[in-house]
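K.L.:
Hey, dropping final10.cif in here, mmCIF, C-alpha atoms:
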data_input
#
loop_
_atom_site.label_atom_id
_atom_site.label_comp_id
_atom_site.auth_asym_id
_atom_site.auth_seq_id
_atom_site.Cartn_x
_atom_site.Cartn_y
_atom_site.Cartn_z
CA MET A 79 -51.58 45.50 39.27
CA LYS A 80 -50.83 44.56 35.65
CA ALA A 81 -47.59 46.57 35.77
CA LEU A 82 -46.59 44.83 39.04
CA ARG A 83 -47.22 41.38 37.53
CA ALA A 84 -45.14 42.25 34.46
CA LEU A 85 -42.31 43.45 36.73
CA ARG A 86 -42.39 40.18 38.67
CA THR A 87 -42.32 38.14 35.46
CA LEU A 88 -39.26 39.98 34.19
CA SER A 89 -37.43 39.67 37.50
CA SER A 90 -38.16 35.93 37.81
CA LYS A 91 -36.98 35.09 34.20
CA PRO A 92 -34.21 32.46 34.47
CA ARG A 93 -30.78 33.40 33.23
CA LYS A 94 -29.20 31.39 30.46
CA THR A 95 -26.23 29.42 31.69
CA PRO A 96 -23.23 29.61 29.37
CA LEU A 97 -22.61 26.41 27.43
CA ASN A 98 -19.46 24.52 28.23
CA PRO A 99 -17.19 24.64 25.17
CA THR A 100 -15.49 21.45 26.32
CA PHE A 101 -18.70 19.54 25.69
CA PHE A 102 -18.76 20.51 22.01
CA HIS A 103 -15.03 19.88 21.76
CA ARG A 104 -15.49 16.32 22.96
CA PHE A 105 -18.53 15.73 20.80
CA TYR A 106 -17.00 16.80 17.48
CA ALA A 107 -13.30 16.12 18.08
CA ALA A 108 -11.56 13.31 16.21
CA GLN A 109 -9.56 12.48 19.32
CA PRO A 110 -11.05 12.07 22.82
CA GLN A 111 -9.94 14.53 25.47
CA GLU A 112 -9.07 13.91 29.08
CA ASP A 113 -10.75 15.78 31.91
CA ASP A 114 -8.55 18.56 33.19
CA SER A 115 -10.46 21.23 35.08
CA SER A 116 -7.30 23.04 36.12
CA HIS A 117 -6.11 23.56 32.52
CA THR A 118 -6.51 27.01 31.02
CA PRO A 119 -6.24 27.60 27.25
CA SER A 120 -3.17 29.39 26.00
CA LEU A 121 -1.61 30.47 22.72
CA SER A 122 0.56 27.37 22.53
CA ASP A 123 -2.51 25.14 22.79
CA SER A 124 -4.20 26.88 19.89
CA GLU A 125 -1.14 26.38 17.70
CA ASN A 126 -0.23 22.80 18.70
CA GLY A 127 -3.42 21.55 20.29
CA SER A 128 -4.56 18.00 20.80
CA ASP A 129 -6.63 18.20 17.60
CA SER A 130 -3.40 18.02 15.60
CA VAL A 131 -2.56 14.57 16.99
CA PHE A 132 -4.06 11.32 15.75
CA ASP A 133 -3.60 8.27 17.97
CA SER A 134 -5.14 4.99 16.80
CA THR A 135 -5.16 3.64 20.36
CA HIS A 136 -8.02 6.02 21.18
CA TYR A 137 -10.31 4.26 18.72
CA ASP A 138 -12.03 0.91 18.99
CA ILE A 139 -10.22 -1.06 16.29
CA PRO A 140 -10.62 -4.85 16.28
CA THR A 141 -7.27 -6.52 16.86
CA ILE A 142 -5.92 -9.08 14.43
CA SER A 143 -4.32 -11.34 17.03
CA SER A 144 -6.80 -10.76 19.81
CA ASP A 145 -7.28 -13.53 22.36
CA SER A 146 -11.02 -13.38 22.19
CA LYS A 147 -13.13 -15.92 24.03
CA PRO A 148 -13.99 -18.93 21.89
CA LYS A 149 -17.52 -19.03 20.69
CA ILE A 150 -19.64 -21.67 22.38
CA PRO A 151 -21.11 -23.88 19.67
CA GLN A 152 -24.85 -24.04 19.65
CA LYS A 153 -26.43 -27.32 20.63
CA LEU A 154 -27.99 -29.16 17.75
CA THR A 155 -31.70 -29.62 18.05
CA TRP A 156 -33.03 -32.91 16.71
CA ASN A 157 -36.54 -33.78 15.80
CA THR A 158 -37.12 -37.09 17.61
CA LYS A 159 -39.64 -38.20 15.00
CA TYR A 160 -37.26 -37.91 12.04
CA ARG A 161 -34.36 -39.22 14.12
CA SER A 162 -36.18 -42.44 14.93
CA LYS A 163 -37.01 -42.96 11.24
CA ALA A 164 -33.35 -42.51 10.31
CA ASP A 165 -32.26 -45.05 12.91
CA GLU A 166 -34.77 -47.59 11.58
CA LEU A 167 -33.50 -47.16 8.01
CA ILE A 168 -29.88 -47.56 9.09
CA ASP A 169 -30.68 -50.77 10.98
CA GLN A 170 -32.55 -52.20 7.98
CA LYS A 171 -29.78 -51.43 5.45
CA LYS A 172 -26.74 -52.97 7.14
CA LYS A 173 -23.80 -53.68 4.90
CA PRO A 174 -22.96 -57.29 4.08
CA ASP A 175 -19.77 -58.88 5.36
CA ASP A 176 -17.94 -58.88 2.02
CA LEU A 177 -18.54 -55.14 1.53
CA ILE A 178 -17.32 -54.40 5.06
CA PHE A 179 -14.17 -56.42 4.34
CA LYS A 180 -13.48 -54.45 1.14
CA ASN A 181 -13.95 -51.15 2.93
CA SER A 182 -11.65 -52.14 5.79
CA SER A 183 -8.92 -53.33 3.42
CA LEU A 184 -9.15 -50.12 1.41
CA ALA A 185 -8.92 -48.02 4.58
CA LYS A 186 -5.87 -50.01 5.66
CA LYS A 187 -4.08 -49.36 2.36
CA LEU A 188 -4.87 -45.66 2.52
CA LEU A 189 -3.48 -45.50 6.04
CA GLU A 190 -0.27 -47.26 5.00
CA ALA A 191 0.16 -44.84 2.09
CA ALA A 192 -0.32 -41.87 4.40
CA VAL A 193 2.28 -42.92 6.99
CA CYS A 194 4.90 -44.39 4.61
CA LEU A 195 8.22 -42.62 4.09
CA PRO A 196 8.50 -40.21 1.15
CA SER A 197 10.06 -41.50 -2.03
CA ASP A 198 13.37 -40.40 -3.51
CA ASP A 199 11.62 -38.23 -6.11
CA GLU A 200 9.81 -36.29 -3.40
CA ASP A 201 13.10 -35.73 -1.55
CA GLU A 202 14.62 -34.28 -4.71
CA GLU A 203 11.68 -31.91 -5.15
CA ASP A 204 12.01 -30.66 -1.54
CA GLU A 205 15.72 -30.06 -2.03
CA GLU A 206 15.03 -28.03 -5.17
CA GLU A 207 12.84 -25.61 -3.20
CA VAL A 208 15.90 -24.36 -1.28
CA VAL A 209 17.96 -22.40 -3.80
CA LYS A 210 21.69 -22.68 -3.28
CA GLU A 211 23.80 -19.56 -3.47
CA GLU A 212 25.67 -20.73 -6.57
CA ASP A 213 22.36 -21.31 -8.37
CA GLN A 214 20.82 -17.94 -7.53
CA LYS A 215 20.03 -15.39 -10.24
CA ALA A 216 19.45 -11.67 -9.74
CA LEU A 217 18.54 -8.61 -11.76
CA SER A 218 18.23 -4.90 -10.99
CA VAL A 219 15.53 -3.04 -12.90
CA GLY A 220 15.09 0.73 -12.93
CA ILE A 221 11.73 2.27 -13.85
CA ILE A 222 11.85 5.84 -15.18
CA GLY A 223 9.37 8.03 -16.96
CA ALA A 224 7.46 11.28 -16.87
CA PRO A 225 5.46 12.25 -13.77
CA ASN A 226 2.20 10.36 -13.32
CA ALA A 227 3.13 7.75 -15.93
CA GLY A 228 2.27 4.81 -13.61
CA LYS A 229 5.73 3.82 -12.37
CA SER A 230 4.65 3.21 -8.77
CA ALA A 231 1.56 1.23 -9.78
CA LEU A 232 3.71 -1.06 -11.94
CA THR A 233 6.22 -1.52 -9.11
CA ASN A 234 3.48 -2.46 -6.64
CA TYR A 235 1.93 -4.93 -9.08
CA MET A 236 5.27 -6.58 -9.80
CA VAL A 237 6.17 -6.94 -6.13
CA GLY A 238 2.70 -8.04 -5.09
CA THR A 239 2.29 -5.53 -2.25
CA LYS A 240 2.35 -1.79 -1.77
CA VAL A 241 5.87 -0.39 -1.50
CA ALA A 242 5.33 2.97 -3.25
CA ALA A 243 2.61 5.59 -2.90
CA VAL A 244 0.15 5.81 -5.80
CA SER A 245 -1.85 8.97 -6.42
CA ARG A 246 -3.51 10.87 -9.23
CA LYS A 247 -1.30 13.85 -8.43
CA THR A 248 2.01 14.31 -10.20
CA ASN A 249 5.37 13.90 -8.44
CA THR A 250 3.98 11.45 -5.89
CA THR A 251 7.30 9.63 -5.61
CA THR A 252 9.91 11.85 -3.97
CA HIS A 253 12.80 9.38 -3.66
CA GLU A 254 13.95 6.03 -4.99
CA VAL A 255 11.77 3.17 -3.73
CA LEU A 256 12.91 -0.47 -3.69
CA GLY A 257 10.60 -3.42 -4.38
CA VAL A 258 11.74 -7.05 -4.47
CA MET A 259 10.16 -9.96 -6.39
CA THR A 260 11.48 -13.52 -5.91
CA LYS A 261 10.34 -16.41 -8.12
CA GLY A 262 12.10 -19.74 -8.07
CA ASP A 263 15.85 -19.15 -8.33
CA THR A 264 15.49 -15.56 -9.60
CA GLN A 265 15.25 -12.34 -7.61
CA ILE A 266 14.43 -9.04 -9.31
CA CYS A 267 14.90 -5.70 -7.53
CA PHE A 268 12.71 -2.90 -8.89
CA PHE A 269 13.73 0.71 -8.31
CA ASP A 270 10.89 3.21 -8.63
CA THR A 271 12.28 6.68 -9.35
CA PRO A 272 10.77 10.18 -9.26
CA GLY A 273 9.21 11.52 -12.44
CA LEU A 274 11.64 12.85 -15.05
CA THR A 275 11.03 15.29 -17.89
CA LEU A 276 13.06 17.18 -20.44
CA SER A 277 13.01 20.89 -21.12
CA ASN A 278 12.24 22.18 -24.57
CA ARG A 279 15.96 22.27 -25.39
CA GLY A 280 16.34 18.53 -24.83
CA CYS A 281 18.35 18.76 -21.61
CA PRO A 282 17.29 17.21 -18.30
CA TYR A 283 14.72 19.44 -16.65
CA LYS A 284 15.67 19.54 -12.95
CA ASP A 285 12.47 20.82 -11.42
CA PHE A 286 12.85 19.16 -8.07
CA LYS A 287 16.58 19.72 -7.67
CA VAL A 288 18.19 16.94 -5.62
CA ARG A 289 15.58 14.22 -6.11
CA VAL A 290 15.52 14.57 -9.90
CA GLU A 291 19.31 14.94 -10.10
CA SER A 292 19.76 11.68 -8.18
CA ALA A 293 17.27 9.96 -10.47
CA TRP A 294 19.18 11.03 -13.59
CA SER A 295 22.53 10.03 -12.06
CA SER A 296 21.30 6.50 -11.31
CA VAL A 297 19.93 5.77 -14.79
CA ASN A 298 23.01 3.83 -15.91
CA LEU A 299 23.34 1.78 -12.70
CA TYR A 300 20.63 -0.81 -13.49
CA ASP A 301 20.88 -4.03 -15.50
CA VAL A 302 17.59 -3.30 -17.29
CA LEU A 303 15.95 0.10 -17.69
CA ILE A 304 12.20 0.39 -18.23
CA VAL A 305 11.10 3.64 -19.86
CA ILE A 306 7.37 3.98 -19.24
CA PHE A 307 4.85 6.54 -20.49
CA ASP A 308 1.09 7.08 -20.42
CA VAL A 309 -0.13 5.99 -23.84
CA HIS A 310 -3.68 7.22 -23.21
CA ARG A 311 -2.46 10.73 -22.49
CA HIS A 312 -0.08 10.51 -25.45
CA LEU A 313 -3.02 9.85 -27.76
CA THR A 314 -5.27 12.56 -26.30
CA ARG A 315 -2.78 15.26 -25.23
CA PRO A 316 0.72 14.54 -26.56
CA ASP A 317 3.55 16.23 -24.67
CA ALA A 318 6.72 17.18 -26.54
CA ARG A 319 8.80 16.78 -23.38
CA VAL A 320 7.67 13.16 -22.89
CA ILE A 321 8.38 12.39 -26.55
CA GLY A 322 11.81 13.96 -26.14
CA LEU A 323 12.51 11.79 -23.09
CA ILE A 324 11.56 8.61 -24.97
CA LYS A 325 13.71 9.51 -27.97
CA ARG A 326 16.65 10.59 -25.80
CA MET A 327 16.74 7.29 -23.89
CA GLY A 328 16.33 5.21 -27.06
CA ALA A 329 18.55 7.19 -29.40
CA LEU A 330 21.61 4.98 -28.94
CA ALA A 331 21.97 1.38 -27.82
CA HIS A 332 23.66 1.07 -24.42
CA PRO A 333 26.70 -1.26 -24.46
CA ILE A 334 25.82 -2.98 -21.15
CA GLN A 335 22.32 -1.97 -20.15
CA LYS A 336 19.20 -3.30 -21.86
CA ARG A 337 16.30 -0.87 -22.27
CA VAL A 338 12.64 -1.57 -22.95
CA LEU A 339 9.77 0.79 -23.74
CA CYS A 340 6.45 0.23 -21.95
CA MET A 341 3.24 1.82 -23.12
CA ASN A 342 1.24 1.98 -19.89
CA LYS A 343 -2.50 2.45 -19.20
CA VAL A 344 -3.64 0.56 -22.29
CA ASP A 345 -6.88 -0.25 -20.45
CA LEU A 346 -7.94 3.40 -20.84
CA VAL A 347 -7.59 3.35 -24.62
CA GLU A 348 -10.94 2.56 -26.24
CA LYS A 349 -9.70 2.00 -29.79
CA LYS A 350 -6.95 -0.60 -29.55
CA LYS A 351 -5.84 0.10 -33.12
CA ASP A 352 -4.39 3.38 -31.88
CA LEU A 353 -1.82 1.41 -29.88
CA LEU A 354 -0.32 0.10 -33.12
CA THR A 355 0.04 3.68 -34.33
CA VAL A 356 2.03 4.60 -31.21
CA ALA A 357 4.18 1.47 -31.59
CA GLU A 358 4.98 2.46 -35.18
CA GLN A 359 6.00 5.91 -33.97
CA PHE A 360 8.78 4.58 -31.72
CA LYS A 361 9.76 1.33 -33.48
CA ASP A 362 12.83 2.82 -35.21
CA LEU A 363 14.62 3.76 -31.97
CA PRO A 364 17.68 1.46 -31.67
CA GLY A 365 18.06 1.89 -27.93
CA TYR A 366 15.00 -0.21 -27.04
CA GLU A 367 15.29 -3.96 -27.28
CA ARG A 368 11.59 -4.68 -26.73
CA HIS A 369 8.25 -2.86 -26.66
CA PHE A 370 5.45 -3.82 -24.25
CA MET A 371 1.83 -2.73 -23.97
CA ILE A 372 0.82 -3.01 -20.32
CA SER A 373 -1.53 -1.80 -17.63
CA GLY A 374 0.35 -1.48 -14.37
CA LEU A 375 -2.86 -1.06 -12.40
CA LYS A 376 -4.92 -3.90 -13.92
CA GLY A 377 -2.01 -6.21 -14.81
CA SER A 378 -2.64 -6.51 -18.55
CA GLY A 379 0.54 -7.51 -20.39
CA VAL A 380 2.61 -7.59 -17.18
CA LYS A 381 3.06 -11.36 -17.43
CA ASP A 382 5.05 -11.04 -20.68
CA LEU A 383 7.16 -8.26 -19.18
CA THR A 384 7.88 -10.38 -16.11
CA GLN A 385 8.94 -13.36 -18.21
CA TYR A 386 11.27 -11.15 -20.24
CA LEU A 387 12.91 -9.83 -17.06
CA MET A 388 13.26 -13.36 -15.66
CA ASP A 389 15.14 -14.37 -18.83
CA GLN A 390 17.54 -11.43 -18.45
CA ALA A 391 18.63 -12.37 -14.91
CA VAL A 392 22.32 -13.12 -14.40
CA LYS A 393 23.96 -15.52 -11.98
CA ARG A 394 24.80 -13.75 -8.75
CA SER A 395 23.75 -14.01 -5.13
CA TRP A 396 20.56 -12.38 -3.91
CA GLU A 397 20.84 -9.02 -2.23
CA GLU A 398 17.58 -9.25 -0.23
CA ASP A 399 16.13 -12.00 1.95
CA PRO A 400 12.98 -13.23 0.17
CA PHE A 401 11.38 -14.59 3.37
CA ILE A 402 11.91 -11.69 5.78
CA LEU A 403 10.52 -8.18 5.47
CA THR A 404 13.31 -6.03 6.89
CA GLU A 405 12.60 -3.24 9.31
CA GLU A 406 13.99 -0.62 6.93
CA VAL A 407 11.58 -1.72 4.19
CA MET A 408 8.67 -1.68 6.65
CA LYS A 409 9.56 1.86 7.71
CA ASN A 410 9.57 3.02 4.10
CA ILE A 411 6.22 1.34 3.48
CA SER A 412 4.68 3.09 6.48
CA LEU A 413 5.88 6.47 5.20
CA GLU A 414 4.60 5.77 1.68
CA VAL A 415 1.16 4.69 2.90
CA VAL A 416 0.70 7.83 5.01
CA ARG A 417 1.96 10.00 2.16
CA GLU A 418 -0.53 8.41 -0.25
CA ARG A 419 -3.42 9.19 2.09
CA LEU A 420 -2.07 12.68 2.58
CA LEU A 421 -2.14 13.30 -1.17
CA ASP A 422 -5.67 11.93 -1.39
CA HIS A 423 -7.14 14.33 1.20
CA VAL A 424 -4.92 17.44 0.98
CA HIS A 425 -4.78 19.30 -2.32
CA GLN A 426 -2.90 22.00 -4.22
CA GLU A 427 0.67 22.74 -3.13
CA ILE A 428 0.22 21.91 0.57
CA PRO A 429 1.28 18.20 0.56
CA TYR A 430 4.45 18.99 -1.40
CA GLY A 431 5.66 21.51 1.18
CA ILE A 432 5.10 19.24 4.20
CA GLU A 433 8.15 17.71 5.84
CA HIS A 434 7.34 14.09 6.66
CA ARG A 435 9.40 12.43 9.39
CA LEU A 436 9.39 9.02 11.08
CA MET A 437 9.97 9.80 14.76
CA ASP A 438 9.50 6.46 16.51
CA TRP A 439 9.27 2.77 15.57
CA LYS A 440 8.76 0.11 18.23
CA GLU A 441 7.77 -3.53 18.17
CA LEU A 442 5.78 -4.21 21.32
CA ARG A 443 5.75 -7.43 23.32
CA ASP A 444 2.43 -8.56 21.91
CA GLY A 445 3.87 -8.39 18.37
CA SER A 446 2.15 -5.15 17.40
CA LEU A 447 3.90 -2.08 16.01
CA ARG A 448 3.91 1.44 17.39
CA ILE A 449 4.62 3.98 14.64
CA GLU A 450 4.89 7.70 15.27
CA GLN A 451 5.21 10.15 12.39
CA HIS A 452 5.29 13.93 12.35
CA LEU A 453 3.96 16.17 9.60
CA ILE A 454 5.75 19.52 9.78
CA THR A 455 4.18 22.47 7.96
CA PRO A 456 5.93 25.79 7.24
CA LYS A 457 2.80 27.92 7.78
CA LEU A 458 0.08 28.05 10.41
CA SER A 459 -2.61 28.30 7.73
CA GLN A 460 -1.41 25.07 6.12
CA ARG A 461 -1.41 23.37 9.51
CA LYS A 462 -5.05 24.34 10.06
CA ILE A 463 -6.01 22.92 6.66
CA LEU A 464 -4.16 19.66 7.34
CA VAL A 465 -5.69 19.23 10.81
CA GLY A 466 -9.20 20.11 9.68
CA LYS A 467 -12.14 21.16 11.80
CA LYS A 468 -11.70 19.64 15.26
CA GLY A 469 -9.05 17.26 13.85
CA CYS A 470 -11.38 15.57 11.36
CA LYS A 471 -8.98 15.56 8.39
CA ILE A 472 -5.87 14.27 10.17
CA GLY A 473 -8.13 11.73 11.89
CA ARG A 474 -9.42 10.44 8.57
CA ILE A 475 -5.90 10.22 7.14
CA GLY A 476 -4.72 8.33 10.20
CA MET A 477 -7.61 5.86 10.24
CA GLU A 478 -7.25 4.94 6.56
CA ALA A 479 -3.45 4.65 6.79
CA ASN A 480 -3.66 2.57 9.99
CA GLU A 481 -6.12 0.15 8.38
CA GLU A 482 -3.95 -0.31 5.29
CA LEU A 483 -0.78 -0.84 7.33
CA ARG A 484 -2.53 -3.55 9.33
CA SER A 485 -3.49 -5.36 6.12
CA ILE A 486 0.07 -5.10 4.73
CA PHE A 487 2.00 -6.11 7.86
CA LYS A 488 -0.59 -8.70 8.98
CA ARG A 489 -0.40 -7.48 12.57
CA ASP A 490 -1.83 -4.80 14.84
CA VAL A 491 -0.48 -1.30 14.21
CA HIS A 492 -0.71 1.68 16.57
CA LEU A 493 -0.23 4.72 14.34
CA ILE A 494 0.35 8.20 15.79
CA LEU A 495 0.36 11.25 13.51
CA GLN A 496 1.20 14.71 14.79
CA VAL A 497 0.94 17.95 12.84
CA ARG A 498 3.19 20.76 14.02
CA LEU A 499 4.74 23.96 12.82
CA LYS A 500 8.27 24.14 11.53
#
What would you get if you wrote out this structure as structure tokens?

P.N.:
Amino acid sequence: MKALRALRTLSSKPRKTPLNPTFFHRFYAAQPQEDDSSHTPSLSDSENGSDSVFDSTHYDIPTISSDSKPKIPQKLTWNTKYRSKADELIDQKKKPDDLIFKNSSLAKKLLEAAVCLPSDDEDEEDEEEVVKEEDQKALSVGIIGAPNAGKSALTNYMVGTKVAAVSRKTNTTTHEVLGVMTKGDTQICFFDTPGLTLSNRGCPYKDFKVRVESAWSSVNLYDVLIVIFDVHRHLTRPDARVIGLIKRMGALAHPIQKRVLCMNKVDLVEKKKDLLTVAEQFKDLPGYERHFMISGLKGSGVKDLTQYLMDQAVKRSWEEDPFILTEEVMKNISLEVVRERLLDHVHQEIPYGIEHRLMDWKELRDGSLRIEQHLITPKLSQRKILVGKKGCKIGRIGMEANEELRSIFKRDVHLILQVRLK
């Protein structure tokens, strides 16, 4: 009997039902999946699956210009006891007739002053706000220096918004980036260039081929050239190539172009007396008209540099509209923001080998922007690293970039990032 009962127990043991992999895919995926029972997995799905696509429309992001229902104000609750006491005090302390007359006359004069026509002086001030073309001043400023010297951070601080990617990694800037600052009748165009170095022989070291060659070829095209270097790193770990670059650019005075030397990242130097030692080291170079100690990230000393550049502006018409952010500039900003987040979350040589393309740019009827960018990797292993487990890494990059673009453009942004093989 015991053997028969054991046999029945084994035969009646329930079978484990296989778990649905789609359930775990939905639970951990960075992008929601649609129900498709007829779909069967294939090799192409594993290589270019839905995990490699980030779409901000699949996430609950509060809209900037949303027509939300107005909040119903709460009704004020009054204590009848205190309200009656207040009414009694107001009735007892009525103003005399002469005080009422003074208050009414004063209110009448204030009303007349508010509705009267503006004076001639005010008209002249309003006219001065619109700068005529013959009164406009402009200046083109190029910013060069070794990799990771703080060129992009200085450009962003000068312009007042992010136009260039900033990262702790070297060679963040891959092409020339334009930033425009307009104050009064003066417009200054800043050109952020890729990092430049010199080889040990003193010749231009062309490590990134075309991008560095174009940066060297455009050095003499600017009205003012800013040569910037990391003074904190110079004090701790001096580099002979950076010193050679500074001496090469300041060896001879340029007949047309004015050059200035900026010692950046002074906020990281604990002993400020060391800055004077560095200034003494490069004071005898005739090519530099001025020396500045600045912090492009914190803004220390940037005010003096800005005033110097404003004084160097020449009379010519502005090249950029100061009131309108052009579509081309917005496209470049979107690429730079995504690239900055890419460098923050993907390490080693992977972000430098990715081909970054802007595939689509649309302004929708509600005023929002639809931006689609593709990240093309040469290897399948690099694609897997960029996508992350169940799309977590590309999802994080997309969410952070989408949030920053919304704050820059002051409108809703629908960002789509797709990772695919070359």

K.L.:
Which protein, DNA or RNA residues have an atom at most 12 Å from (23.5, -19.6, -7.8), counting only C-alpha atoms? List them as a ChimeraX atom specification.

P.N.:
/A:208-216,262-265,391-396

K.L.:
Taking into account all atoms listed in the file, which residue in the set A:Leu499, A:Val415, A:Leu421, A:Leu387 is nearest to Ala243 (chain A)?

P.N.:
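Closest to Ala243 (chain A), using all atoms listed in the file: A:Val415.
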
K.L.:
List the spatial neighbours of Lys409 (chain A) as a list in words - criterion: any atom at most 10 Å away, only C-alpha atoms, same-chain residues fewer than 2 positions off excluded.

P.N.:
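Near Lys409 (chain A), the qualifying residues are Thr404, Glu405, Glu406, Val407, Ile411, Ser412, Leu413, Glu414, Leu436, Asp438, Trp439 and Ile449 of chain A.
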
K.L.:
Within 12 Å of Gln390 (chain A), counting all atoms listed in the file, which residues qualify if same-chain residues fewer than 2 places away don't, as a list in words?

P.N.:
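These residues fall inside the cut-off: Lys215, Ala216, Leu217, Ser218, Val219, Thr264, Gln265, Ile266, Asp301, Val302, Leu303, Gln335, Lys336, Arg337, Val338, Glu367, Leu383, Thr384, Gln385, Tyr386, Leu387, Met388, Val392 and Lys393 of chain A.
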
K.L.:
So the first atom is CA of Thr271 (chain A) and the second is CA of Ile222 (chain A); what is the distance between them in Å, to one decimal place?

P.N.:
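Interatomic distance, CA of Thr271 (chain A) to CA of Ile222 (chain A): 5.9 Å.
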
K.L.:
Do you have the CA of Ala224 (chain A)-CA of Gly273 (chain A) distance handy?

P.N.:
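If I compute the distance from CA of Ala224 (chain A) to CA of Gly273 (chain A), I get 4.8 Å.
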
K.L.:
How far is it from CA of Val309 (chain A) to CA of Leu420 (chain A), in Å with one decimal?

P.N.:
27.3 Å

K.L.:
Identify the residues around (3.8, -2.4, -26.7) within a radius of 10 Å, measuring from only C-alpha atoms in the coordinates stated by the file, and give them as a list in words.

P.N.:
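Counting only C-alpha atoms, I find these residues within 10 Å of (3.8, -2.4, -26.7): Val309, Val338, Leu339, Cys340, Met341, Asn342, Val344, Leu353, Leu354, Val356, Ala357, Glu358, Phe360, Lys361, Arg368, His369, Phe370, Met371, Ile372 and Gly379 of chain A.
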
K.L.:
Given the PyMOL selection byres ((chain A and resi 497) around 12) and the file above, list the residues it selects as an MDAnalysis selection string.

P.N.:
chainID A and resid 125:133 420 432:435 450:458 460:466 469 471:473 475:476 494:496 498:500
